[in-house]
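Trainee: TSV, C-alpha atoms and all ligand atoms, saved as run24.tsv, coming up:
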```tsv
chain	number	residue	atom	x	y	z
A	277	MET	CA	15.52	-56.61	-20.80
A	278	ALA	CA	19.04	-56.62	-22.30
A	279	ARG	CA	21.25	-59.59	-21.43
A	280	ALA	CA	24.52	-59.02	-19.57
A	281	PRO	CA	27.54	-59.33	-21.88
A	282	ALA	CA	29.20	-62.76	-21.93
A	283	VAL	CA	32.71	-61.32	-21.41
A	284	ARG	CA	33.65	-60.64	-17.77
A	285	ALA	CA	34.47	-57.05	-16.91
A	286	PRO	CA	38.10	-56.21	-16.17
A	287	GLU	CA	39.27	-56.11	-12.56
A	288	ARG	CA	38.33	-52.66	-11.27
A	289	PRO	CA	41.78	-51.72	-9.82
A	290	PHE	CA	43.48	-52.57	-13.13
A	291	TYR	CA	40.80	-50.70	-15.08
A	292	LEU	CA	41.41	-47.58	-12.97
A	293	PHE	CA	45.20	-47.89	-13.38
A	294	VAL	CA	44.86	-48.15	-17.17
A	295	MET	CA	42.50	-45.17	-17.36
A	296	ASP	CA	44.93	-43.06	-15.29
A	297	HIS	CA	47.96	-44.03	-17.40
A	298	ARG	CA	46.56	-44.48	-20.90
A	299	ASP	CA	48.09	-41.26	-22.30
A	300	HIS	CA	51.52	-42.14	-20.87
A	301	LEU	CA	51.27	-45.69	-22.28
A	302	ARG	CA	50.30	-44.34	-25.72
A	303	GLU	CA	53.26	-41.95	-25.64
A	304	LEU	CA	55.66	-44.81	-24.89
A	305	ALA	CA	54.42	-46.31	-28.21
A	306	LEU	CA	55.39	-49.89	-27.37
A	307	PRO	CA	53.12	-52.91	-26.91
A	308	ALA	CA	51.83	-54.21	-23.59
A	309	LEU	CA	52.16	-57.85	-22.49
A	310	ASP	CA	49.32	-59.72	-20.75
A	311	ILE	CA	50.79	-62.62	-18.73
A	312	GLY	CA	48.23	-65.40	-18.16
A	313	THR	CA	45.54	-63.87	-20.34
A	314	GLY	CA	42.77	-66.29	-19.38
A	315	HIS	CA	39.48	-67.08	-21.12
A	316	GLY	CA	37.91	-64.06	-22.76
A	317	ALA	CA	41.17	-62.05	-22.62
A	318	ARG	CA	39.28	-59.33	-20.73
A	319	HIS	CA	42.34	-57.19	-19.90
A	320	THR	CA	43.92	-57.48	-23.35
A	321	ALA	CA	40.55	-56.38	-24.77
A	322	LEU	CA	40.46	-53.33	-22.47
A	323	LEU	CA	43.86	-52.10	-23.66
A	324	GLN	CA	43.15	-52.81	-27.30
A	325	ASP	CA	39.88	-50.88	-27.04
A	326	LEU	CA	42.01	-47.91	-25.89
A	327	GLY	CA	44.32	-48.27	-28.89
A	328	ILE	CA	47.22	-49.86	-26.97
A	329	GLN	CA	48.61	-52.87	-28.82
A	330	THR	CA	48.74	-55.85	-26.45
A	331	ILE	CA	50.37	-59.24	-26.77
A	332	SER	CA	48.66	-62.06	-24.89
A	333	LEU	CA	50.43	-65.09	-23.46
A	334	ASP	CA	48.93	-68.09	-21.70
A	335	ILE	CA	50.31	-71.49	-20.82
A	336	SER	CA	46.97	-73.13	-21.62
A	337	HIS	CA	46.16	-74.00	-25.24
A	338	LYS	CA	42.47	-73.81	-24.29
A	339	VAL	CA	42.85	-70.03	-23.97
A	340	ALA	CA	42.86	-67.89	-27.12
A	341	ALA	CA	46.16	-65.96	-26.99
A	342	ASN	CA	48.89	-64.68	-29.32
A	343	TYR	CA	51.41	-67.04	-27.76
A	344	HIS	CA	51.16	-70.21	-25.73
A	345	GLY	CA	53.84	-71.14	-23.24
A	346	ASP	CA	55.25	-70.57	-19.80
A	347	ILE	CA	56.18	-66.96	-19.04
A	348	ARG	CA	59.42	-68.27	-17.51
A	349	ASP	CA	60.49	-69.59	-20.95
A	350	MET	CA	59.54	-66.47	-22.91
A	351	GLN	CA	62.27	-64.56	-24.75
A	352	ALA	CA	61.95	-60.86	-25.62
A	353	GLU	CA	64.17	-57.93	-26.52
A	354	PRO	CA	65.20	-55.63	-23.66
A	355	GLU	CA	63.02	-52.52	-23.27
A	356	SER	CA	60.40	-53.78	-25.75
A	357	PHE	CA	57.23	-53.28	-23.66
A	358	SER	CA	55.52	-50.24	-22.15
A	359	LEU	CA	53.40	-52.27	-19.71
A	360	ILE	CA	53.61	-55.85	-18.51
A	361	PHE	CA	50.74	-57.06	-16.40
A	362	ASP	CA	49.88	-60.13	-14.41
A	363	ILE	CA	46.32	-60.39	-13.12
A	364	LYS	CA	46.22	-63.39	-10.79
A	365	ALA	CA	48.42	-65.61	-12.97
A	366	MET	CA	52.00	-65.64	-11.64
A	367	CYS	CA	50.76	-66.39	-8.12
A	368	PHE	CA	51.00	-70.01	-9.24
A	369	LEU	CA	54.77	-69.70	-9.72
A	370	ALA	CA	57.31	-70.16	-6.95
A	371	ASP	CA	59.90	-68.37	-9.12
A	372	PRO	CA	58.20	-65.49	-10.99
A	373	PRO	CA	60.67	-64.10	-13.58
A	374	ILE	CA	60.80	-60.58	-12.18
A	375	ASP	CA	64.31	-59.79	-13.48
A	376	LYS	CA	63.27	-60.65	-17.04
A	377	ILE	CA	60.11	-58.56	-16.72
A	378	HIS	CA	62.20	-55.64	-15.47
A	379	SER	CA	64.59	-55.95	-18.43
A	380	TRP	CA	61.74	-56.18	-21.00
A	381	LEU	CA	60.21	-52.88	-19.82
A	382	CYS	CA	61.29	-49.58	-21.34
A	383	PRO	CA	62.36	-46.78	-18.97
A	384	GLY	CA	59.17	-45.28	-17.54
A	385	GLY	CA	57.27	-48.50	-18.30
A	386	PHE	CA	55.10	-50.27	-15.72
A	387	PHE	CA	54.71	-53.72	-14.25
A	388	TYR	CA	51.17	-54.06	-12.87
A	389	CYS	CA	50.22	-57.09	-10.79
A	390	MET	CA	47.19	-58.29	-8.85
A	391	THR	CA	48.05	-61.18	-6.58
A	392	PRO	CA	46.40	-62.63	-3.45
A	393	THR	CA	47.85	-61.52	-0.13
A	394	HIS	CA	49.04	-63.59	2.83
A	395	LYS	CA	45.87	-62.73	4.81
A	396	HIS	CA	44.01	-65.99	4.13
A	397	LYS	CA	44.39	-67.06	7.78
A	398	GLU	CA	42.52	-64.05	9.17
A	399	GLU	CA	38.93	-64.38	10.32
A	400	GLY	CA	36.51	-64.24	7.38
A	401	ALA	CA	39.32	-64.24	4.81
A	402	TYR	CA	38.89	-66.53	1.83
A	403	ASP	CA	41.73	-69.04	1.48
A	404	VAL	CA	42.47	-68.60	-2.21
A	405	SER	CA	45.01	-71.44	-2.17
A	406	GLN	CA	42.42	-74.15	-1.32
A	407	GLY	CA	45.32	-76.57	-0.98
A	408	LEU	CA	46.91	-75.48	-4.28
A	409	PRO	CA	50.53	-74.28	-4.32
A	410	VAL	CA	49.72	-70.57	-4.56
A	411	GLN	CA	52.34	-68.00	-3.53
A	412	LEU	CA	50.92	-65.60	-0.94
A	413	TYR	CA	53.16	-62.61	-0.23
A	414	SER	CA	53.32	-60.05	2.54
A	415	LYS	CA	53.80	-56.42	1.53
A	416	GLU	CA	57.45	-56.59	2.60
A	417	GLU	CA	58.01	-59.67	0.45
A	418	VAL	CA	56.50	-57.89	-2.56
A	419	ARG	CA	58.84	-54.91	-1.98
A	420	GLU	CA	61.83	-57.25	-1.80
A	421	LEU	CA	60.83	-59.04	-5.03
A	422	LEU	CA	60.51	-55.72	-6.86
A	423	HIS	CA	63.61	-54.03	-5.45
A	424	LYS	CA	64.99	-53.26	-8.94
A	425	PHE	CA	62.07	-50.97	-9.79
A	426	ALA	CA	62.39	-47.20	-9.30
A	427	ASP	CA	58.98	-46.71	-7.76
A	428	VAL	CA	56.67	-49.33	-6.23
A	429	ASN	CA	53.12	-48.64	-5.05
A	430	ILE	CA	51.31	-51.47	-3.24
A	431	ARG	CA	47.67	-51.21	-2.19
A	432	GLU	CA	45.37	-53.81	-0.69
A	433	HIS	CA	42.07	-54.47	-2.45
A	434	SER	CA	39.46	-56.33	-0.40
A	435	GLU	CA	36.37	-57.66	-2.09
A	436	PRO	CA	33.46	-59.66	-0.73
A	437	ILE	CA	33.17	-63.31	-1.76
A	438	GLY	CA	29.70	-64.62	-1.16
A	439	ARG	CA	27.91	-63.38	1.97
A	440	THR	CA	30.44	-63.61	4.73
A	441	GLN	CA	33.93	-63.98	3.27
A	442	TRP	CA	36.36	-61.51	1.79
A	443	LEU	CA	39.30	-61.86	-0.57
A	444	SER	CA	42.41	-59.77	-0.11
A	445	THR	CA	44.56	-58.91	-3.13
A	446	TRP	CA	47.68	-56.79	-3.56
A	447	CYS	CA	47.41	-54.27	-6.40
A	448	ILE	CA	50.99	-53.48	-7.35
A	449	GLU	CA	52.19	-50.70	-9.63
A	450	ALA	CA	55.95	-50.82	-10.24
A	451	ARG	CA	57.58	-48.22	-12.49
A	452	LYS	CA	60.96	-48.84	-14.10
B	1	LIG	C1	43.27	-67.19	-12.62
B	1	LIG	S1	43.54	-67.14	-14.38
B	1	LIG	C2	43.54	-65.37	-14.64
B	1	LIG	C3	43.21	-65.01	-16.06
B	1	LIG	C4	43.21	-63.53	-16.42
B	1	LIG	N1	44.47	-62.86	-16.09
B	1	LIG	C5	42.06	-62.79	-15.80
B	1	LIG	O1	42.24	-62.07	-14.83
B	1	LIG	O2	40.93	-62.97	-16.30
B	1	LIG	C6	45.28	-67.55	-14.51
B	1	LIG	C7	45.75	-67.78	-15.95
B	1	LIG	O3	47.19	-67.84	-15.93
B	1	LIG	C8	47.62	-68.88	-16.82
B	1	LIG	N2	48.98	-69.29	-16.38
B	1	LIG	C9	49.28	-69.98	-15.24
B	1	LIG	N3	50.60	-70.19	-15.15
B	1	LIG	C10	51.16	-69.61	-16.25
B	1	LIG	C11	52.51	-69.49	-16.74
B	1	LIG	N4	53.53	-70.03	-16.07
B	1	LIG	N5	52.73	-68.82	-17.90
B	1	LIG	C12	51.68	-68.30	-18.61
B	1	LIG	N6	50.39	-68.40	-18.20
B	1	LIG	C13	50.12	-69.03	-17.04
B	1	LIG	C14	46.53	-69.94	-16.69
B	1	LIG	O4	46.50	-70.81	-17.81
B	1	LIG	C15	45.26	-69.09	-16.58
B	1	LIG	O5	44.67	-68.83	-17.83
```
Render the structure in this file as structure tokens.

Mentor:
Amino acid sequence: MARAPAVRAPERPFYLFVMDHRDHLRELALPALDIGTGHGARHTALLQDLGIQTISLDISHKVAANYHGDIRDMQAEPESFSLIFDIKAMCFLADPPIDKIHSWLCPGGFFYCMTPTHKHKEEGAYDVSQGLPVQLYSKEEVRELLHKFADVNIREHSEPIGRTQWLSTWCIEARK
């Protein structure tokens, strides 16, 4: 029997977003930026497989990435990216640099984010923070953070964790 591939699959909501928008992203003809790439760079790999150039950034030198550093210190030209995405990385920041991200996106570009919700205190909900300083936002707080964007779509994604617990994540699509 064939072995499962060593690289983890992309998050399903992000995969579906990319498949829906790939033609638009190709037309914008600018690179994407993967904030907090992580081991295996699974989301950078997805975009590159679709022919969308992607720059990877991670604060950890243990992670293979184009650049190493804190997203809050990054410098970039205005309107230089078609897509900036954060899959469960900026939830560790009390001050995510949303204004910079907005300025780095071209008109019609997207910020896509998956971040845990505030629901960890509900029955059966997995407490993703586990005592760590993780930012957990309500839907209203996400809207407030992203008020500069023209169009913001926020959906909840619930996935089972083990046998009895579930994890709640906001899937956020914000168009400039
Ligand atoms: C939970 S992992 C998610 C990895 C990847 N996005 C994925 O979904 O497979 C979070 C990653 O964000 C990185 N990270 C945390 N804070 C960061 C920061 N301020 N700037 C850049 N990367 C950061 C960590 O080093 C880690 O690799």

Trainee: Using only C-alpha atoms, which of A:Ala401, A:Leu443, A:Val418, A:Ala352 sits nearest Ser379 in chain A?

Mentor: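 Between A:Ala401, A:Leu443, A:Val418, A:Ala352, the residue approaching Ser379 in chain A most closely is A:Ala352.
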
Trainee: Do a neighbour search on Arg348 in chain A at 10 Å with only C-alpha atoms, toss out local chain neighbours closer than 3 positions, and write the hits as a PyMOL selection string.

Mentor: chain A and resi 345+351+366+369+371-374+376-377

Trainee: When you count only C-alpha atoms and all ligand atoms, which of these residues is closest to ligand LIG 1 (chain B): A:Leu326, A:Leu309, A:Met295, A:Ile363?

Mentor: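 Ranking A:Leu326, A:Leu309, A:Met295, A:Ile363 by distance to ligand LIG 1 (chain B), first place goes to A:Ile363.
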
Trainee: Could you give me, as a list in words, every polymer residue with an atom at most 7 Å away from an atom of ligand LIG 1 (chain B), counting only C-alpha atoms and all ligand atoms?

Mentor: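 Result of the 7 Å neighbour search around ligand LIG 1 (chain B): Ile311, Gly312, Thr313, Gly314, His315, Ala317, Arg318, His319, Leu333, Asp334, Ile335, Ser336, Val339, Gly345, Asp346, Ile347, Arg348, Asp362, Ile363, Lys364, Ala365, Met366, Phe368 and Leu369 of chain A.
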
Trainee: For C-alpha atoms, I'd like the residues from the last selection saved as a PDB file, in the frame of the given file.

Mentor:
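Contents of selection.pdb, as written:
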```pdb
ATOM      1  CA  ILE A 311      50.790 -62.620 -18.730  1.00  0.00           C
ATOM      2  CA  GLY A 312      48.230 -65.400 -18.160  1.00  0.00           C
ATOM      3  CA  THR A 313      45.540 -63.870 -20.340  1.00  0.00           C
ATOM      4  CA  GLY A 314      42.770 -66.290 -19.380  1.00  0.00           C
ATOM      5  CA  HIS A 315      39.480 -67.080 -21.120  1.00  0.00           C
ATOM      6  CA  ALA A 317      41.170 -62.050 -22.620  1.00  0.00           C
ATOM      7  CA  ARG A 318      39.280 -59.330 -20.730  1.00  0.00           C
ATOM      8  CA  HIS A 319      42.340 -57.190 -19.900  1.00  0.00           C
ATOM      9  CA  LEU A 333      50.430 -65.090 -23.460  1.00  0.00           C
ATOM     10  CA  ASP A 334      48.930 -68.090 -21.700  1.00  0.00           C
ATOM     11  CA  ILE A 335      50.310 -71.490 -20.820  1.00  0.00           C
ATOM     12  CA  SER A 336      46.970 -73.130 -21.620  1.00  0.00           C
ATOM     13  CA  VAL A 339      42.850 -70.030 -23.970  1.00  0.00           C
ATOM     14  CA  GLY A 345      53.840 -71.140 -23.240  1.00  0.00           C
ATOM     15  CA  ASP A 346      55.250 -70.570 -19.800  1.00  0.00           C
ATOM     16  CA  ILE A 347      56.180 -66.960 -19.040  1.00  0.00           C
ATOM     17  CA  ARG A 348      59.420 -68.270 -17.510  1.00  0.00           C
ATOM     18  CA  ASP A 362      49.880 -60.130 -14.410  1.00  0.00           C
ATOM     19  CA  ILE A 363      46.320 -60.390 -13.120  1.00  0.00           C
ATOM     20  CA  LYS A 364      46.220 -63.390 -10.790  1.00  0.00           C
ATOM     21  CA  ALA A 365      48.420 -65.610 -12.970  1.00  0.00           C
ATOM     22  CA  MET A 366      52.000 -65.640 -11.640  1.00  0.00           C
ATOM     23  CA  PHE A 368      51.000 -70.010  -9.240  1.00  0.00           C
ATOM     24  CA  LEU A 369      54.770 -69.700  -9.720  1.00  0.00           C
TER      25      LEU A 369
END
```

Trainee: Mind pulling up the distance from CA of Arg288 in chain A to CA of Glu398 in chain A?

Mentor: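 These atoms are spaced 23.8 Å apart.
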
Trainee: In Å, rounded to a single decimal, give me how far CA of Leu304 in chain A is from CA of Lys415 in chain A.

Mentor: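 CA of Leu304 in chain A lies 28.9 Å from CA of Lys415 in chain A.
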
Trainee: To one decimal in Å, tell me the separation between CA of Gly316 in chain A and CA of Arg284 in chain A.

Mentor: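 Computed distance, CA of Gly316 in chain A to CA of Arg284 in chain A, equals 7.4 Å.
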
Trainee: Residues at most 10 Å from Met390 in chain A, counting only C-alpha atoms, excluding those fewer than 5 positions away in the same chain, as a list in words?

Mentor: Glu287, Pro289, Phe290, Phe361, Asp362, Ile363, Lys364, Ala365, Met366, Cys367, Ile430, Arg431, Glu432, His433, Thr445, Trp446, Cys447, Ile448 and Glu449 of chain A

Trainee: Would you kindly return, as a VMD selection string, each protein, DNA or RNA residue with an atom no farther than 10 Å from any atom of Glu399 in chain A, considering all atoms listed in the file and excluding same-chain residues fewer than 4 positions away?

Mentor: chain A and resid 395 441 to 442

Trainee: List as a ChimeraX atom specification the protein and nucleic acid residues near Ala370 in chain A, meaning an atom at most 9 Å away when all atoms listed in the file are counted, but skip any in the same chain fewer than 5 places from it.

Mentor: /A:409-411

Trainee: Near range 383-387 of chain A, within 6 Å and counting all atoms listed in the file, which residues show up once chain neighbours fewer than 6 positions away are dropped, as a PyMOL selection string?

Mentor: chain A and resi 358-361+450-452

Trainee: For Ala340 in chain A, which residue out of A:Thr320, A:Cys389, A:Glu420, A:Glu435 is the nearest one, using all atoms listed in the file?

Mentor: A:Thr320

Trainee: Check the smallest atom-to-atom distance from each of A:Pro436, A:His300, A:Ser444, A:Leu408 to His394 in chain A using only C-alpha atoms, then report the winner.

Mentor: A:Ser444

Trainee: Which one is closest to Ser405 in chain A: A:Leu306, A:Ile331, A:Glu417, A:Thr391? Count only C-alpha atoms.

Mentor: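 Result for the nearest residue to Ser405 in chain A: A:Thr391.
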
Trainee: For range 367-402 of chain A, supply N, CA and C atoms and format the output as an mmCIF file, keeping the file's coordinate frame.

Mentor:
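Result file follows (part-v5.cif):
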```
data_model
loop_
_atom_site.group_PDB
_atom_site.id
_atom_site.type_symbol
_atom_site.label_atom_id
_atom_site.label_comp_id
_atom_site.auth_asym_id
_atom_site.auth_seq_id
_atom_site.Cartn_x
_atom_site.Cartn_y
_atom_site.Cartn_z
ATOM 1 N N CYS A 367 50.843 -65.905 -9.508
ATOM 2 C CA CYS A 367 50.760 -66.390 -8.120
ATOM 3 C C CYS A 367 50.903 -67.904 -8.055
ATOM 4 N N PHE A 368 50.818 -68.561 -9.223
ATOM 5 C CA PHE A 368 51.000 -70.010 -9.240
ATOM 6 C C PHE A 368 52.470 -70.403 -9.383
ATOM 7 N N LEU A 369 53.352 -69.416 -9.505
ATOM 8 C CA LEU A 369 54.770 -69.700 -9.720
ATOM 9 C C LEU A 369 55.590 -69.413 -8.470
ATOM 10 N N ALA A 370 56.425 -70.377 -8.094
ATOM 11 C CA ALA A 370 57.310 -70.160 -6.950
ATOM 12 C C ALA A 370 58.471 -69.236 -7.332
ATOM 13 N N ASP A 371 58.745 -69.154 -8.650
ATOM 14 C CA ASP A 371 59.900 -68.370 -9.120
ATOM 15 C C ASP A 371 59.478 -67.405 -10.239
ATOM 16 N N PRO A 372 58.638 -66.415 -9.938
ATOM 17 C CA PRO A 372 58.200 -65.490 -10.990
ATOM 18 C C PRO A 372 59.407 -64.760 -11.593
ATOM 19 N N PRO A 373 59.467 -64.640 -12.930
ATOM 20 C CA PRO A 373 60.670 -64.100 -13.580
ATOM 21 C C PRO A 373 60.724 -62.564 -13.551
ATOM 22 N N ILE A 374 60.872 -62.037 -12.362
ATOM 23 C CA ILE A 374 60.800 -60.580 -12.180
ATOM 24 C C ILE A 374 61.972 -59.864 -12.868
ATOM 25 N N ASP A 375 63.173 -60.458 -12.838
ATOM 26 C CA ASP A 375 64.310 -59.790 -13.480
ATOM 27 C C ASP A 375 64.099 -59.662 -14.990
ATOM 28 N N LYS A 376 63.548 -60.714 -15.600
ATOM 29 C CA LYS A 376 63.270 -60.650 -17.040
ATOM 30 C C LYS A 376 62.222 -59.562 -17.323
ATOM 31 N N ILE A 377 61.182 -59.547 -16.526
ATOM 32 C CA ILE A 377 60.110 -58.560 -16.720
ATOM 33 C C ILE A 377 60.695 -57.153 -16.614
ATOM 34 N N HIS A 378 61.555 -56.950 -15.650
ATOM 35 C CA HIS A 378 62.200 -55.640 -15.470
ATOM 36 C C HIS A 378 63.003 -55.291 -16.735
ATOM 37 N N SER A 379 63.736 -56.253 -17.268
ATOM 38 C CA SER A 379 64.590 -55.950 -18.430
ATOM 39 C C SER A 379 63.744 -55.711 -19.685
ATOM 40 N N TRP A 380 62.581 -56.335 -19.804
ATOM 41 C CA TRP A 380 61.740 -56.180 -21.000
ATOM 42 C C TRP A 380 61.004 -54.836 -21.026
ATOM 43 N N LEU A 381 60.937 -54.165 -19.879
ATOM 44 C CA LEU A 381 60.210 -52.880 -19.820
ATOM 45 C C LEU A 381 61.107 -51.738 -20.258
ATOM 46 N N CYS A 382 60.538 -50.792 -20.983
ATOM 47 C CA CYS A 382 61.290 -49.580 -21.340
ATOM 48 C C CYS A 382 61.375 -48.674 -20.107
ATOM 49 N N PRO A 383 62.328 -47.743 -20.083
ATOM 50 C CA PRO A 383 62.360 -46.780 -18.970
ATOM 51 C C PRO A 383 61.020 -46.046 -18.892
ATOM 52 N N GLY A 384 60.483 -45.930 -17.708
ATOM 53 C CA GLY A 384 59.170 -45.280 -17.540
ATOM 54 C C GLY A 384 58.015 -46.245 -17.730
ATOM 55 N N GLY A 385 58.315 -47.489 -18.123
ATOM 56 C CA GLY A 385 57.270 -48.500 -18.300
ATOM 57 C C GLY A 385 56.824 -49.056 -16.955
ATOM 58 N N PHE A 386 55.701 -49.775 -16.974
ATOM 59 C CA PHE A 386 55.100 -50.270 -15.720
ATOM 60 C C PHE A 386 54.950 -51.782 -15.720
ATOM 61 N N PHE A 387 55.171 -52.353 -14.546
ATOM 62 C CA PHE A 387 54.710 -53.720 -14.250
ATOM 63 C C PHE A 387 53.517 -53.552 -13.323
ATOM 64 N N TYR A 388 52.364 -54.117 -13.723
ATOM 65 C CA TYR A 388 51.170 -54.060 -12.870
ATOM 66 C C TYR A 388 50.786 -55.500 -12.516
ATOM 67 N N CYS A 389 50.511 -55.721 -11.237
ATOM 68 C CA CYS A 389 50.220 -57.090 -10.790
ATOM 69 C C CYS A 389 49.102 -57.087 -9.751
ATOM 70 N N MET A 390 48.168 -58.013 -9.913
ATOM 71 C CA MET A 390 47.190 -58.290 -8.850
ATOM 72 C C MET A 390 47.428 -59.711 -8.387
ATOM 73 N N THR A 391 47.711 -59.851 -7.099
ATOM 74 C CA THR A 391 48.050 -61.180 -6.580
ATOM 75 C C THR A 391 47.494 -61.312 -5.157
ATOM 76 N N PRO A 392 47.005 -62.494 -4.786
ATOM 77 C CA PRO A 392 46.400 -62.630 -3.450
ATOM 78 C C PRO A 392 47.415 -62.375 -2.334
ATOM 79 N N THR A 393 46.949 -61.817 -1.240
ATOM 80 C CA THR A 393 47.850 -61.520 -0.130
ATOM 81 C C THR A 393 47.973 -62.729 0.805
ATOM 82 N N HIS A 394 48.784 -62.546 1.831
ATOM 83 C CA HIS A 394 49.040 -63.590 2.830
ATOM 84 C C HIS A 394 47.935 -63.659 3.880
ATOM 85 N N LYS A 395 46.832 -62.878 3.712
ATOM 86 C CA LYS A 395 45.870 -62.730 4.810
ATOM 87 C C LYS A 395 44.842 -63.846 4.912
ATOM 88 N N HIS A 396 45.038 -64.959 4.184
ATOM 89 C CA HIS A 396 44.010 -65.990 4.130
ATOM 90 C C HIS A 396 43.745 -66.643 5.482
ATOM 91 N N LYS A 397 44.631 -66.415 6.481
ATOM 92 C CA LYS A 397 44.390 -67.060 7.780
ATOM 93 C C LYS A 397 43.612 -66.153 8.736
ATOM 94 N N GLU A 398 43.284 -64.946 8.285
ATOM 95 C CA GLU A 398 42.520 -64.050 9.170
ATOM 96 C C GLU A 398 41.042 -64.422 9.141
ATOM 97 N N GLU A 399 40.353 -64.028 10.204
ATOM 98 C CA GLU A 399 38.930 -64.380 10.320
ATOM 99 C C GLU A 399 38.135 -63.827 9.134
ATOM 100 N N GLY A 400 37.360 -64.673 8.494
ATOM 101 C CA GLY A 400 36.510 -64.240 7.380
ATOM 102 C C GLY A 400 37.244 -64.182 6.047
ATOM 103 N N ALA A 401 38.567 -64.347 6.068
ATOM 104 C CA ALA A 401 39.320 -64.240 4.810
ATOM 105 C C ALA A 401 39.181 -65.535 4.018
ATOM 106 N N TYR A 402 39.006 -65.377 2.724
ATOM 107 C CA TYR A 402 38.890 -66.530 1.830
ATOM 108 C C TYR A 402 40.286 -67.095 1.565
#
```
